[in-house]
Amino acid sequence: MEKGQLLYQGKAKELFQTEQPDLIWVEYLNQATALNGAKKDQIKGKGELNNQITSLIFQRLDEKGIRSHFVEQISETEQIIQAVDIIPLEVVVRNIAAGSFSKRLAIPEGTPVKFPIVEFYFKNDELDDPMIIEDHIKVLDIATDEEITTLKTMALAVDEVLSELFDEIGILLVDFKLEFGRTRDGSILLADEISPDTCRLWDKATNEHLDKDIYRRDLGDLIPVYQEVLNRLKGE
Ligand code: UDP
């Protein structure tokens, strides 16, 4: 497989063409951002940790019947994915109150949520990714009723598999963000990444953050924490 032209420059990843139109070459970068890009740093080693963690998680989801765009990991920082048109939604699932949910509703962080909830945010930097309701998604022609149902069903299925996976390695899956894309034939695939950048992970024994809140909240060095998540996922 050959790495072709740069197709998309993201905050944490670069996407390149390959000689096969349906396959994309992804490089995970060391850049960390928060506050919609207002806070930005290069953190050596972050790209390879997120690439490895995402690859392991997508493989585990695939084994459990949840298909994603992931094809294969080809190096420490690179993977091959299937080309999809990203649906401009961030689909957030919450098991435990934290972050914006706690702030907006004045529910202390750490309070269990009665049942896993699914929220939608409109991926739009200019608007600062506002939360949107299902009618907005339909009015803006972002997704159909049927697709919204699929997104919710898939997001909850991912939650079930990942909650169990993390529980087995002593980690509480507090909340996470997913993105989805459409393939050429219109079917919906899980896409983007699933890593400590996109999940809140708390150590079950100590309640310590094992995720990007370390960076967002200036709690210390992110690398040993992401490494710990990878080690536990690998059973080390
Ligand atoms: N999240 C993400 N990207 C975003 C916004 C949120 O990956 O642009 C993840 C975040 O890591 C957390 C979950 O989605 O696991 C819920 O985030 P929240 O709405 O609480 O926002 P925050 O307070 O983290 O900005």
# chains A, B, ... in the order shown; residues from 1 in each chain; ligands from 1
$ residues_near_ligand --ligand "ligand 1" --cutoff "10 Å" --atoms "only C-alpha atoms and all ligand atoms" --output "short mmCIF file (atom, residue, chain, number, x, y, z; two decimals) with C-alpha atoms, in the first residue's frame"
data_model
loop_
_atom_site.label_atom_id
_atom_site.label_comp_id
_atom_site.auth_asym_id
_atom_site.auth_seq_id
_atom_site.Cartn_x
_atom_site.Cartn_y
_atom_site.Cartn_z
CA THR A 33 -5.90 20.19 21.87
CA ALA A 34 -8.65 21.25 24.23
CA LEU A 35 -11.17 24.07 24.51
CA ASN A 36 -11.97 23.80 20.79
CA GLY A 37 -8.32 24.27 19.85
CA GLU A 90 -20.46 13.81 17.87
CA VAL A 91 -22.41 11.03 19.53
CA VAL A 92 -21.75 11.07 23.27
CA VAL A 93 -22.73 8.22 25.62
CA ARG A 94 -22.71 8.78 29.39
CA ALA A 97 -22.03 12.26 35.32
CA ALA A 98 -18.96 14.30 34.35
CA GLY A 99 -17.78 17.21 32.22
CA SER A 100 -20.38 19.32 30.43
CA PHE A 101 -23.26 17.13 31.68
CA SER A 102 -22.32 17.83 35.30
CA LYS A 103 -21.84 21.52 34.64
CA ARG A 104 -25.04 22.05 32.63
CA GLU A 109 -19.13 14.44 38.81
CA GLU A 119 -26.44 12.98 23.28
CA PHE A 120 -25.80 14.55 19.88
CA TYR A 121 -23.49 17.49 19.19
CA PHE A 122 -23.22 19.22 15.80
CA LYS A 123 -19.59 19.03 14.62
CA ASN A 124 -19.06 22.64 13.65
CA ASP A 125 -16.00 24.57 14.89
CA ASP A 128 -18.37 25.51 18.94
CA ASP A 129 -20.00 22.08 18.46
CA PRO A 130 -23.42 22.85 19.99
CA MET A 131 -25.60 20.12 21.46
CA LEU A 173 -16.05 3.89 31.41
CA VAL A 174 -17.58 7.22 32.47
CA ASP A 175 -18.47 8.67 29.07
CA PHE A 176 -17.18 8.77 25.51
CA LYS A 177 -17.65 10.33 22.10
CA LEU A 178 -18.15 8.46 18.84
CA GLU A 179 -18.26 9.51 15.22
CA GLU A 193 -10.98 6.95 17.04
CA ILE A 194 -11.75 5.54 20.47
CA SER A 195 -8.96 6.42 22.88
CA PRO A 196 -8.33 8.24 26.16
CA ASP A 197 -8.66 11.41 24.05
CA THR A 198 -12.31 10.60 23.39
CA CYS A 199 -13.34 8.65 26.52
CA ARG A 200 -13.42 9.45 30.22
CA LEU A 201 -11.76 6.54 31.99
CA ASP A 211 -7.79 10.13 30.07
CA LYS A 212 -7.49 13.53 28.43
CA ASP A 213 -8.84 15.32 31.51
CA ARG A 216 -7.62 19.55 29.91
#
$ residues_around --residues "Ser75 in chain A" --least-positions-apart "6" --cutoff "10 Å" --atoms "only C-alpha atoms" --output "ChimeraX atom specification"
/A:27,48,51-52
$ closest_residue --among "A:Leu162, A:Val113, A:Ile87, A:Ala205" --to "Glu147 in chain A" --atoms "only C-alpha atoms"
A:Ile87
$ atom_distance --atom1 "CA of Glu14 in chain A" --atom2 "CA of Tyr28 in chain A"
6.7 Å
$ select_by_dssp --residues "range 105-216 of chain A" --states "strand (DSSP E or B)" --output "MDAnalysis selection string"
chainID A and resid 112:122 131:132 171:182 188:191 199:203 209
$ closest_residue --among "A:Lys46, A:Ile148, A:Leu172, A:Leu15" --to "Ile96 in chain A" --atoms "only C-alpha atoms"
A:Leu172
$ closest_residue --among "A:Leu233, A:Ile133, A:Ala12, A:Val118" --to "Lys40 in chain A" --atoms "only C-alpha atoms"
A:Ala12
$ closest_atom_pairs --of "range 83-159 of chain A" --to "range 59-72 of chain A" --cutoff "8 Å" --atoms "only C-alpha atoms" --output "JSON lines"
{"residue": "A:Ala83", "atom": "CA", "partner": "A:His69", "partner_atom": "CA", "distance": 7.3}
{"residue": "A:Val84", "atom": "CA", "partner": "A:His69", "partner_atom": "CA", "distance": 7.5}
{"residue": "A:Met154", "atom": "CA", "partner": "A:Ile66", "partner_atom": "CA", "distance": 7.6}
{"residue": "A:Ala157", "atom": "CA", "partner": "A:Ile66", "partner_atom": "CA", "distance": 7.8}
{"residue": "A:Val158", "atom": "CA", "partner": "A:Leu61", "partner_atom": "CA", "distance": 7.2}
$ atom_distance --atom1 "CA of Val26 in chain A" --atom2 "CA of Lys13 in chain A"
6.7 Å
$ closest_residue --among "A:Leu190, A:Leu151, A:Ala38, A:Leu156" --to "Asn95 in chain A" --atoms "only C-alpha atoms"
A:Leu156
$ atom_distance --atom1 "CA of Val229 in chain A" --atom2 "CA of Leu210 in chain A"
7.0 Å
$ select_by_dssp --residues "range 120-221 of chain A" --states "helix (DSSP H, G or I)" --output "VMD selection string"
chain A and resid 125 to 127 134 to 139 145 to 168 213 to 216
$ closest_residue --among "A:Gln31, A:Gly186, A:Trp25, A:Gln79" --to "Lys11 in chain A" --atoms "only C-alpha atoms"
A:Gln31
$ closest_residue --among "A:Glu134, A:Glu146, A:Asp85, A:Glu160" --to "Pro116 in chain A" --atoms "only C-alpha atoms"
A:Glu160
